[in-house]
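K.L.:
This is run-v7.cif, which holds mmCIF, C-alpha atoms and all ligand atoms:
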```cif
data_data
loop_
_atom_site.group_PDB
_atom_site.id
_atom_site.type_symbol
_atom_site.label_atom_id
_atom_site.label_comp_id
_atom_site.auth_asym_id
_atom_site.auth_seq_id
_atom_site.Cartn_x
_atom_site.Cartn_y
_atom_site.Cartn_z
ATOM 1 C CA MET M 1 83.837 140.543 89.694
ATOM 2 C CA THR M 2 80.420 140.262 91.357
ATOM 3 C CA HIS M 3 81.662 140.069 94.936
ATOM 4 C CA LEU M 4 85.071 139.548 96.581
ATOM 5 C CA LEU M 5 84.599 136.669 99.002
ATOM 6 C CA SER M 6 87.766 134.630 98.496
ATOM 7 C CA ILE M 7 91.037 134.864 96.606
ATOM 8 C CA ALA M 8 89.757 131.762 94.828
ATOM 9 C CA ASP M 9 87.245 134.085 93.077
ATOM 10 C CA LEU M 10 90.222 135.526 91.189
ATOM 11 C CA ASP M 11 92.584 134.058 88.634
ATOM 12 C CA ARG M 12 96.064 135.407 88.064
ATOM 13 C CA GLU M 13 94.826 138.020 85.607
ATOM 14 C CA GLY M 14 92.158 139.139 88.101
ATOM 15 C CA ILE M 15 94.708 139.609 90.891
ATOM 16 C CA GLU M 16 97.097 141.419 88.573
ATOM 17 C CA GLU M 17 94.333 143.738 87.418
ATOM 18 C CA ILE M 18 93.571 144.732 91.035
ATOM 19 C CA LEU M 19 97.283 145.372 91.663
ATOM 20 C CA ARG M 20 97.549 147.480 88.501
ATOM 21 C CA VAL M 21 94.523 149.582 89.399
ATOM 22 C CA ALA M 22 95.949 149.951 92.933
ATOM 23 C CA ASP M 23 99.187 151.288 91.387
ATOM 24 C CA ALA M 24 97.139 154.044 89.787
ATOM 25 C CA PHE M 25 95.290 154.861 93.021
ATOM 26 C CA ALA M 26 98.428 154.844 95.239
ATOM 27 C CA GLU M 27 99.310 158.312 93.997
ATOM 28 C CA VAL M 28 96.003 159.866 95.149
ATOM 29 C CA GLU M 29 97.232 159.909 98.765
ATOM 30 C CA LYS M 30 100.072 162.250 97.782
ATOM 31 C CA ARG M 31 97.800 164.921 96.305
ATOM 32 C CA PRO M 32 97.110 168.128 98.264
ATOM 33 C CA ILE M 33 93.460 167.018 98.368
ATOM 34 C CA PRO M 34 93.691 163.205 98.437
ATOM 35 C CA LYS M 35 90.387 162.491 96.735
ATOM 36 C CA VAL M 36 89.014 161.548 93.311
ATOM 37 C CA PRO M 37 85.338 161.799 92.306
ATOM 38 C CA THR M 38 85.242 158.212 90.978
ATOM 39 C CA LEU M 39 82.514 156.828 93.254
ATOM 40 C CA ARG M 40 80.566 160.017 93.867
ATOM 41 C CA GLY M 41 76.954 159.198 94.717
ATOM 42 C CA ARG M 42 77.770 155.587 95.718
ATOM 43 C CA ALA M 43 77.435 154.335 99.290
ATOM 44 C CA VAL M 44 79.653 151.800 101.034
ATOM 45 C CA ALA M 45 78.824 150.279 104.433
ATOM 46 C CA THR M 46 81.294 148.489 106.682
ATOM 47 C CA LEU M 47 79.468 145.757 108.640
ATOM 48 C CA PHE M 48 81.761 144.586 111.382
ATOM 49 C CA PHE M 49 80.633 141.849 113.748
ATOM 50 C CA GLU M 50 84.207 141.478 115.044
ATOM 51 C CA GLU M 51 86.888 143.915 116.214
ATOM 52 C CA SER M 52 89.077 145.722 113.721
ATOM 53 C CA THR M 53 91.404 148.705 113.521
ATOM 54 C CA ARG M 54 93.162 148.520 110.155
ATOM 55 C CA THR M 55 90.670 146.772 107.914
ATOM 56 C CA ARG M 56 87.695 148.939 108.798
ATOM 57 C CA LEU M 57 89.563 152.259 108.746
ATOM 58 C CA SER M 58 91.339 151.267 105.563
ATOM 59 C CA PHE M 59 88.098 150.439 103.709
ATOM 60 C CA GLU M 60 86.472 153.624 105.000
ATOM 61 C CA THR M 61 89.480 155.717 103.953
ATOM 62 C CA ALA M 62 89.504 154.012 100.554
ATOM 63 C CA ALA M 63 85.796 154.681 100.006
ATOM 64 C CA LYS M 64 86.193 158.332 101.075
ATOM 65 C CA ARG M 65 89.190 158.868 98.776
ATOM 66 C CA LEU M 66 86.912 157.694 95.964
ATOM 67 C CA SER M 67 84.237 160.199 97.144
ATOM 68 C CA ALA M 68 81.730 157.492 98.117
ATOM 69 C CA ASP M 69 79.478 157.990 101.147
ATOM 70 C CA VAL M 70 80.441 155.721 104.033
ATOM 71 C CA LEU M 71 78.295 154.110 106.704
ATOM 72 C CA SER M 72 79.938 152.379 109.608
ATOM 73 C CA PHE M 73 78.124 149.571 111.435
ATOM 74 C CA SER M 74 79.442 147.883 114.591
ATOM 75 C CA ALA M 75 77.531 144.877 115.907
ATOM 76 C CA ALA M 76 78.527 145.801 119.457
ATOM 77 C CA SER M 77 76.506 149.033 119.371
ATOM 78 C CA SER M 78 73.627 147.857 117.151
ATOM 79 C CA SER M 79 70.291 146.046 117.384
ATOM 80 C CA VAL M 80 72.219 142.771 116.976
ATOM 81 C CA LYS M 81 72.609 143.163 120.751
ATOM 82 C CA LYS M 82 68.795 143.123 121.005
ATOM 83 C CA GLY M 83 68.628 139.844 119.114
ATOM 84 C CA GLU M 84 68.248 140.965 115.485
ATOM 85 C CA SER M 85 69.522 138.373 113.008
ATOM 86 C CA ILE M 86 72.393 138.946 110.572
ATOM 87 C CA ARG M 87 69.971 138.585 107.655
ATOM 88 C CA ASP M 88 67.564 141.223 108.962
ATOM 89 C CA THR M 89 70.507 143.494 109.762
ATOM 90 C CA VAL M 90 71.856 143.124 106.216
ATOM 91 C CA GLU M 91 68.434 143.685 104.633
ATOM 92 C CA THR M 92 67.937 146.782 106.787
ATOM 93 C CA ILE M 93 71.254 148.284 105.753
ATOM 94 C CA GLU M 94 70.803 147.416 102.091
ATOM 95 C CA ALA M 95 67.346 149.037 102.177
ATOM 96 C CA MET M 96 69.058 152.359 102.919
ATOM 97 C CA GLY M 97 70.492 152.272 99.406
ATOM 98 C CA MET M 98 73.948 150.838 99.894
ATOM 99 C CA ASP M 99 76.020 149.794 96.876
ATOM 100 C CA ALA M 100 78.687 147.759 98.702
ATOM 101 C CA LEU M 101 78.949 145.967 102.029
ATOM 102 C CA VAL M 102 82.281 145.082 103.629
ATOM 103 C CA VAL M 103 81.566 142.236 106.043
ATOM 104 C CA ARG M 104 83.675 140.903 108.917
ATOM 105 C CA HIS M 105 82.471 138.087 111.165
ATOM 106 C CA SER M 106 84.047 135.566 113.530
ATOM 107 C CA SER M 107 82.280 132.721 111.681
ATOM 108 C CA ALA M 108 83.569 131.406 108.381
ATOM 109 C CA GLY M 109 81.049 131.728 105.566
ATOM 110 C CA VAL M 110 79.075 134.768 106.744
ATOM 111 C CA PRO M 111 80.148 137.007 103.797
ATOM 112 C CA VAL M 112 79.105 134.225 101.376
ATOM 113 C CA GLN M 113 75.699 134.025 103.083
ATOM 114 C CA VAL M 114 75.366 137.803 102.935
ATOM 115 C CA SER M 115 76.153 137.736 99.202
ATOM 116 C CA ARG M 116 73.166 135.392 98.719
ATOM 117 C CA TRP M 117 70.817 137.607 100.713
ATOM 118 C CA VAL M 118 71.584 140.954 99.097
ATOM 119 C CA LYS M 119 69.627 142.104 96.079
ATOM 120 C CA ARG M 120 72.030 144.528 94.438
ATOM 121 C CA CYS M 121 74.898 145.236 96.831
ATOM 122 C CA LYS M 122 78.418 144.026 96.136
ATOM 123 C CA VAL M 123 79.844 142.109 99.091
ATOM 124 C CA ILE M 124 83.495 142.192 100.152
ATOM 125 C CA ASN M 125 84.889 139.775 102.716
ATOM 126 C CA GLY M 126 86.697 141.791 105.407
ATOM 127 C CA GLY M 127 87.740 138.606 107.239
ATOM 128 C CA ASP M 128 85.549 135.619 108.179
ATOM 129 C CA GLY M 129 86.588 133.339 111.017
ATOM 130 C CA TRP M 130 89.493 131.080 110.036
ATOM 131 C CA HIS M 131 88.426 131.176 106.406
ATOM 132 C CA GLU M 132 89.762 134.107 104.390
ATOM 133 C CA HIS M 133 90.794 137.723 104.368
ATOM 134 C CA PRO M 134 91.275 138.395 100.657
ATOM 135 C CA THR M 135 92.122 142.107 100.712
ATOM 136 C CA GLN M 136 94.844 141.497 103.309
ATOM 137 C CA ALA M 137 96.552 138.997 100.991
ATOM 138 C CA LEU M 138 96.149 141.378 98.046
ATOM 139 C CA LEU M 139 97.799 144.228 99.932
ATOM 140 C CA ASP M 140 100.614 141.905 101.030
ATOM 141 C CA CYS M 141 101.219 140.917 97.398
ATOM 142 C CA PHE M 142 101.047 144.566 96.330
ATOM 143 C CA THR M 143 103.680 145.496 98.935
ATOM 144 C CA VAL M 144 106.052 142.674 98.016
ATOM 145 C CA ARG M 145 105.647 143.378 94.302
ATOM 146 C CA GLN M 146 106.360 147.091 94.935
ATOM 147 C CA LEU M 147 109.602 146.238 96.766
ATOM 148 C CA ARG M 148 110.802 143.322 94.647
ATOM 149 C CA GLY M 149 109.396 144.186 91.229
ATOM 150 C CA GLY M 150 107.319 140.989 91.052
ATOM 151 C CA ILE M 151 106.121 137.903 92.905
ATOM 152 C CA ASP M 152 106.968 135.141 90.408
ATOM 153 C CA GLY M 153 109.607 132.765 91.749
ATOM 154 C CA LEU M 154 109.804 134.306 95.232
ATOM 155 C CA ARG M 155 109.983 132.056 98.288
ATOM 156 C CA VAL M 156 107.389 133.026 100.886
ATOM 157 C CA LEU M 157 107.573 131.681 104.426
ATOM 158 C CA ILE M 158 104.452 131.980 106.615
ATOM 159 C CA VAL M 159 105.202 131.613 110.324
ATOM 160 C CA GLY M 160 102.853 131.275 113.285
ATOM 161 C CA ASP M 161 99.247 130.394 114.017
ATOM 162 C CA ILE M 162 98.400 129.130 110.543
ATOM 163 C CA ARG M 163 95.673 126.824 111.857
ATOM 164 C CA HIS M 164 93.450 129.722 112.933
ATOM 165 C CA SER M 165 94.564 132.283 110.351
ATOM 166 C CA ARG M 166 92.274 133.557 107.603
ATOM 167 C CA VAL M 167 95.198 135.707 106.461
ATOM 168 C CA ALA M 168 97.368 132.633 105.838
ATOM 169 C CA ARG M 169 94.633 130.910 103.812
ATOM 170 C CA SER M 170 94.238 133.937 101.549
ATOM 171 C CA GLN M 171 98.009 134.451 101.316
ATOM 172 C CA VAL M 172 98.651 130.855 100.219
ATOM 173 C CA LEU M 173 96.135 131.245 97.383
ATOM 174 C CA ALA M 174 97.306 134.711 96.325
ATOM 175 C CA TYR M 175 101.059 134.125 96.441
ATOM 176 C CA THR M 176 100.906 130.755 94.682
ATOM 177 C CA THR M 177 98.517 132.076 92.011
ATOM 178 C CA LEU M 178 101.121 134.774 91.307
ATOM 179 C CA GLY M 179 103.886 132.180 90.964
ATOM 180 C CA ALA M 180 105.591 132.242 94.373
ATOM 181 C CA SER M 181 106.308 129.117 96.408
ATOM 182 C CA VAL M 182 104.957 129.011 99.949
ATOM 183 C CA THR M 183 106.419 127.240 102.988
ATOM 184 C CA LEU M 184 104.646 127.066 106.335
ATOM 185 C CA ALA M 185 106.451 127.081 109.688
ATOM 186 C CA ALA M 186 104.537 126.455 112.909
ATOM 187 C CA PRO M 187 104.376 124.016 115.792
ATOM 188 C CA GLY M 188 102.404 120.923 114.701
ATOM 189 C CA SER M 189 99.479 122.005 116.867
ATOM 190 C CA LEU M 190 99.159 125.288 114.955
ATOM 191 C CA LEU M 191 99.237 123.801 111.467
ATOM 192 C CA PRO M 192 95.823 123.155 109.872
ATOM 193 C CA PRO M 193 94.381 119.715 110.738
ATOM 194 C CA SER M 194 94.909 118.699 107.090
ATOM 195 C CA LEU M 195 97.080 120.244 104.395
ATOM 196 C CA GLU M 196 95.608 118.098 101.639
ATOM 197 C CA GLY M 197 95.241 120.200 98.525
ATOM 198 C CA TRP M 198 97.316 123.072 99.909
ATOM 199 C CA PRO M 199 100.076 123.987 97.426
ATOM 200 C CA VAL M 200 102.650 124.386 100.229
ATOM 201 C CA GLU M 201 105.604 122.771 101.936
ATOM 202 C CA VAL M 202 106.152 122.591 105.667
ATOM 203 C CA ALA M 203 109.524 123.755 106.997
ATOM 204 C CA GLU M 204 111.490 121.233 108.976
ATOM 205 C CA ASP M 205 113.749 123.813 110.557
ATOM 206 C CA LEU M 206 112.706 127.421 111.116
ATOM 207 C CA ASP M 207 116.259 128.818 111.072
ATOM 208 C CA ASP M 208 117.036 127.205 107.686
ATOM 209 C CA ALA M 209 113.706 128.345 106.279
ATOM 210 C CA LEU M 210 114.335 131.944 107.368
ATOM 211 C CA GLY M 211 117.728 131.934 105.644
ATOM 212 C CA ASN M 212 116.050 130.836 102.379
ATOM 213 C CA ALA M 213 113.024 133.162 102.406
ATOM 214 C CA ASP M 214 112.440 136.239 100.260
ATOM 215 C CA VAL M 215 109.319 137.116 102.238
ATOM 216 C CA VAL M 216 108.507 136.201 105.839
ATOM 217 C CA SER M 217 104.852 136.635 106.815
ATOM 218 C CA LEU M 218 104.385 136.601 110.564
ATOM 219 C CA LEU M 219 101.021 135.865 112.154
ATOM 220 C CA ARG M 220 99.571 136.673 115.553
ATOM 221 C CA LEU M 221 98.406 133.853 117.830
ATOM 222 C CA GLN M 222 94.603 134.023 117.408
ATOM 223 C CA ALA M 223 93.757 133.987 121.122
ATOM 224 C CA GLU M 224 90.105 134.781 120.358
ATOM 225 C CA ARG M 225 89.969 131.547 118.335
ATOM 226 C CA GLY M 226 91.415 129.475 121.175
ATOM 227 C CA SER M 227 95.104 129.411 120.219
ATOM 228 C CA GLY M 228 96.076 129.465 123.906
ATOM 229 C CA ALA M 229 95.129 125.802 124.148
ATOM 230 C CA PHE M 230 97.582 124.909 121.356
ATOM 231 C CA VAL M 231 100.839 126.245 122.866
ATOM 232 C CA PRO M 232 102.340 125.368 126.242
ATOM 233 C CA THR M 233 103.188 128.963 127.211
ATOM 234 C CA LEU M 234 103.745 132.194 125.298
ATOM 235 C CA ARG M 235 107.382 132.176 126.340
ATOM 236 C CA GLU M 236 107.939 128.724 124.834
ATOM 237 C CA TYR M 237 106.108 129.749 121.689
ATOM 238 C CA THR M 238 108.357 132.795 121.284
ATOM 239 C CA ALA M 239 111.482 130.742 121.975
ATOM 240 C CA GLY M 240 110.480 128.178 119.340
ATOM 241 C CA TRP M 241 108.717 130.248 116.676
ATOM 242 C CA GLY M 242 109.077 133.980 117.328
ATOM 243 C CA LEU M 243 111.131 136.236 115.055
ATOM 244 C CA THR M 244 113.698 137.080 117.713
ATOM 245 C CA ALA M 245 116.743 139.302 117.042
ATOM 246 C CA ARG M 246 118.883 136.163 116.678
ATOM 247 C CA ARG M 247 116.561 134.710 114.051
ATOM 248 C CA ALA M 248 116.172 138.044 112.230
ATOM 249 C CA ALA M 249 119.970 138.040 111.754
ATOM 250 C CA LEU M 250 119.565 134.850 109.651
ATOM 251 C CA LEU M 251 117.431 136.667 107.048
ATOM 252 C CA GLY M 252 118.882 137.536 103.653
ATOM 253 C CA GLY M 253 119.799 141.191 103.054
ATOM 254 C CA ASP M 254 116.760 141.915 100.890
ATOM 255 C CA ALA M 255 114.260 139.688 102.687
ATOM 256 C CA ILE M 256 110.969 141.385 103.578
ATOM 257 C CA VAL M 257 109.087 140.829 106.833
ATOM 258 C CA THR M 258 105.321 141.398 106.684
ATOM 259 C CA HIS M 259 102.693 141.319 109.421
ATOM 260 C CA PRO M 260 98.960 141.952 108.922
ATOM 261 C CA GLY M 261 98.686 143.560 112.369
ATOM 262 C CA PRO M 262 97.862 143.756 115.155
ATOM 263 C CA MET M 263 101.458 142.836 116.111
ATOM 264 C CA ILE M 264 102.071 141.520 119.558
ATOM 265 C CA ARG M 265 105.630 142.698 120.181
ATOM 266 C CA GLY M 266 107.629 140.239 122.230
ATOM 267 C CA VAL M 267 105.526 137.231 121.139
ATOM 268 C CA GLU M 268 105.591 136.499 117.363
ATOM 269 C CA ILE M 269 108.040 139.343 116.704
ATOM 270 C CA ALA M 270 110.638 140.981 118.955
ATOM 271 C CA GLY M 271 110.001 144.681 119.532
ATOM 272 C CA ASP M 272 113.326 145.697 117.954
ATOM 273 C CA VAL M 273 112.780 143.450 114.941
ATOM 274 C CA ALA M 274 109.402 145.069 114.267
ATOM 275 C CA ASP M 275 111.241 148.391 113.914
ATOM 276 C CA LEU M 276 113.883 147.145 111.423
ATOM 277 C CA PRO M 277 113.623 148.611 107.898
ATOM 278 C CA GLN M 278 112.997 145.064 106.616
ATOM 279 C CA ALA M 279 109.694 144.981 108.507
ATOM 280 C CA VAL M 280 107.253 146.779 106.218
ATOM 281 C CA VAL M 281 104.175 146.860 108.418
ATOM 282 C CA THR M 282 103.291 150.540 107.978
ATOM 283 C CA ARG M 283 103.970 150.356 104.240
ATOM 284 C CA GLN M 284 101.444 147.501 104.137
ATOM 285 C CA VAL M 285 98.893 149.726 105.869
ATOM 286 C CA THR M 286 99.461 152.592 103.417
ATOM 287 C CA ASN M 287 99.204 150.213 100.461
ATOM 288 C CA GLY M 288 96.069 148.658 101.915
ATOM 289 C CA VAL M 289 94.122 151.836 101.183
ATOM 290 C CA ALA M 290 95.144 151.853 97.496
ATOM 291 C CA VAL M 291 94.352 148.141 97.125
ATOM 292 C CA ARG M 292 90.900 148.597 98.690
ATOM 293 C CA MET M 293 90.275 151.601 96.439
ATOM 294 C CA ALA M 294 91.015 149.298 93.511
ATOM 295 C CA VAL M 295 88.661 146.601 94.788
ATOM 296 C CA LEU M 296 85.817 149.088 95.381
ATOM 297 C CA PHE M 297 86.431 150.704 92.006
ATOM 298 C CA LEU M 298 86.416 147.416 90.110
ATOM 299 C CA LEU M 299 83.326 146.101 91.947
ATOM 300 C CA LEU M 300 81.313 149.306 91.674
ATOM 301 C CA GLY M 301 82.390 150.175 88.160
ATOM 302 C CA GLY M 302 83.430 153.720 88.899
ATOM 303 C CA VAL M 303 84.537 156.114 86.178
ATOM 304 C CA LEU M 304 88.220 157.073 86.094
HETATM 305 C C1 LIG U 401 94.084 140.222 110.832
HETATM 306 C C2 LIG U 401 92.670 139.736 110.955
HETATM 307 O O1 LIG U 401 91.810 140.353 111.575
HETATM 308 O O2 LIG U 401 92.449 138.692 110.374
HETATM 309 N N1 LIG U 401 94.233 141.585 110.956
HETATM 310 C C3 LIG U 401 93.913 142.421 109.919
HETATM 311 O O3 LIG U 401 92.824 142.405 109.394
HETATM 312 N N2 LIG U 401 94.856 143.249 109.478
HETATM 313 C C4 LIG U 401 95.053 139.412 111.596
HETATM 314 C C5 LIG U 401 94.907 139.266 113.073
HETATM 315 O O4 LIG U 401 93.946 139.742 113.672
HETATM 316 O O5 LIG U 401 95.798 138.656 113.646
#
```
Would you mind writing the file out in C-alpha cells?

P.N.:
Amino acid sequence: MTHLLSIADLDREGIEEILRVADAFAEVEKRPIPKVPTLRGRAVATLFFEESTRTRLSFETAAKRLSADVLSFSAASSSVKKGESIRDTVETIEAMGMDALVVRHSSAGVPVQVSRWVKRCKVINGGDGWHEHPTQALLDCFTVRQLRGGIDGLRVLIVGDIRHSRVARSQVLAYTTLGASVTLAAPGSLLPPSLEGWPVEVAEDLDDALGNADVVSLLRLQAERGSGAFVPTLREYTAGWGLTARRAALLGGDAIVTHPGPMIRGVEIAGDVADLPQAVVTRQVTNGVAVRMAVLFLLLGGVL
C-alpha cells in the first residue's frame, strides 16, 4: 500500500490483511500501558479541513498507541484562514518531517491531490466530500466480522442519505469485496443520481428489507451537503425512513445495527433504538482505533 485513498485501492486480500493486523492490535487497548513501540520515531499529522470528533481522535489515539508523534492541524485555526492554499499547507507540514498525513476535506478528491503533492508522506483519506471514507468502512467490516465470524454471504442494508454519503460509497465497495450483498434503502431523492456500476440492489419496501438484513447501516442526513433540500421535513423523513422502535422490532434476533456517528437521535434512529444491544456504535468506535493502527502500521512499515 502506498496510500489509502479509496477502498478500491484494496483487493479482498488487502482488506483481509488490514482486518487481521487489526485483530492483533485490538488487544493493546487492554494492556495496563496501552502502547507498543512499533512506530517510535515516526510522525503522523491529521489535516482536517472539516469537522470531526471520532475520525480525528481515533487516528490520533491509534498513532499514539503505536508510539508515533502526532501533530494535529485544524483548518479553522490555521493560516488557511489567511488565504494559504491547500498545497502550500501540505508542503509546509510535510517539511516538518511528517511520515503520514490523514486528510479530511469537504471536497471529493482532495486526498488524491495531496497524495500527488507529497514527496515521501503516506496519505490516508479521512473522508472527502461525498466520495469515500475508507477507514470507516474497514472498521464497520471489522465489527461485523467480529460479531458474526465473517462477512461472506451476509445481507447488508444501508439506509438513509446515500446520495451524499462517503461512508456508503466505501461500505458498498468493502462489503461487496468481502462477499456480502448490499441493498440500499432511501427516498428516491437521497439515492445517488445514477447507480450504474454499483453492485447493489434498491429495496422496494423498507420493512421487508429490515426483516431480511443481517446488518443495517444507518446514515445521518448530510445537512452540510444540502440534504435539507431533498426531504420535505425531518418528521416525514423519520416516519418514512427512520429506524423507529416499530421498525427495529422487525429486525432478526442477531441482526446488527451500525452507525458511523454522529447519530442524530430521533431522526435516522430513535433514541431508544440507539441504546439497544443490537446497535454497536461504541463497539465500532473502539474497533476504529485498532483498524487505524493496522492501516498506519501497514503504510509506515513498522516493526512488530
Ligand atoms: C461520518 C463522516 O464524517 O463521514 N462520520 C465519521 O467519520 N464517523 C458520517 C457523518 O458525518 O454523518

K.L.:
With all atoms listed in the file as the atoms that count, which of M:Gly253, M:Gly127, M:Gly301, M:Gly266 lies nearest to M:Ala239?

P.N.:
M:Gly266

K.L.:
In Å to one decimal, how far is atom CA of M:Gly228 from atom CA of M:Asp272?

P.N.:
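A separation of 24.4 Å between them.
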
K.L.:
Could you list, as a PyMOL selection string, all the residues within 7 Å of ligand LIG 401 (chain U), counting only C-alpha atoms and all ligand atoms?

P.N.:
chain M and resi 52+54-55+127+133+136+165-167+219-222+260-262

K.L.:
Under the rule that all atoms listed in the file are counted, which of M:Ala76, M:Ile124, M:Leu206, M:Val44 is the nearest residue to M:Thr61?

P.N.:
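Using all atoms listed in the file, the shortest distance to M:Thr61 belongs to M:Val44.
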
K.L.:
Would you kindly return, as a list in words, each protein, DNA or RNA residue with an atom no farther than 8 Å from any atom of M:Val273, considering only C-alpha atoms and excluding same-chain residues fewer than 3 positions away?

P.N.:
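So, after excluding close chain neighbours, the residues are Leu243, Thr244, Ala245, Ala248, Ile269, Ala270, Leu276 and Ala279 of chain M.
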
K.L.:
Counting only C-alpha atoms, which residue out of M:Ala290, M:Glu236, M:Thr143, M:Gly197 sits closest to M:Arg65?

P.N.:
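Among M:Ala290, M:Glu236, M:Thr143, M:Gly197, it is M:Ala290 that comes nearest to M:Arg65.
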
K.L.:
Could you write out as a ChimeraX atom specification the residues that the PyMOL selection byres (((chain M and resi 91) around 12) and not hetatm) matches in the shown file?

P.N.:
/M:47,84-90,92-98,101,114-121

K.L.:
Okay, now the selection with C-alpha atoms, as a PDB file, in the coordinates of the input?

P.N.:
```
ATOM      1  CA  LEU M  47      79.468 145.757 108.640  1.00  0.00           C
ATOM      2  CA  GLU M  84      68.248 140.965 115.485  1.00  0.00           C
ATOM      3  CA  SER M  85      69.522 138.373 113.008  1.00  0.00           C
ATOM      4  CA  ILE M  86      72.393 138.946 110.572  1.00  0.00           C
ATOM      5  CA  ARG M  87      69.971 138.585 107.655  1.00  0.00           C
ATOM      6  CA  ASP M  88      67.564 141.223 108.962  1.00  0.00           C
ATOM      7  CA  THR M  89      70.507 143.494 109.762  1.00  0.00           C
ATOM      8  CA  VAL M  90      71.856 143.124 106.216  1.00  0.00           C
ATOM      9  CA  THR M  92      67.937 146.782 106.787  1.00  0.00           C
ATOM     10  CA  ILE M  93      71.254 148.284 105.753  1.00  0.00           C
ATOM     11  CA  GLU M  94      70.803 147.416 102.091  1.00  0.00           C
ATOM     12  CA  ALA M  95      67.346 149.037 102.177  1.00  0.00           C
ATOM     13  CA  MET M  96      69.058 152.359 102.919  1.00  0.00           C
ATOM     14  CA  GLY M  97      70.492 152.272  99.406  1.00  0.00           C
ATOM     15  CA  MET M  98      73.948 150.838  99.894  1.00  0.00           C
ATOM     16  CA  LEU M 101      78.949 145.967 102.029  1.00  0.00           C
ATOM     17  CA  VAL M 114      75.366 137.803 102.935  1.00  0.00           C
ATOM     18  CA  SER M 115      76.153 137.736  99.202  1.00  0.00           C
ATOM     19  CA  ARG M 116      73.166 135.392  98.719  1.00  0.00           C
ATOM     20  CA  TRP M 117      70.817 137.607 100.713  1.00  0.00           C
ATOM     21  CA  VAL M 118      71.584 140.954  99.097  1.00  0.00           C
ATOM     22  CA  LYS M 119      69.627 142.104  96.079  1.00  0.00           C
ATOM     23  CA  ARG M 120      72.030 144.528  94.438  1.00  0.00           C
ATOM     24  CA  CYS M 121      74.898 145.236  96.831  1.00  0.00           C
TER      25      CYS M 121
END
```

K.L.:
Taking all atoms listed in the file into account, name the residue in M:Val112, M:Val102, M:Ala24, M:Leu299 that is nearest to M:Leu5.

P.N.:
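Of the candidates, the smallest distance to M:Leu5 is held by M:Val112.
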
K.L.:
List the spatial neighbours of M:Gly211 as a ChimeraX atom specification - criterion: any atom at most 7 Å away, only C-alpha atoms, same-chain residues fewer than 5 positions off excluded.

P.N.:
/M:250-252
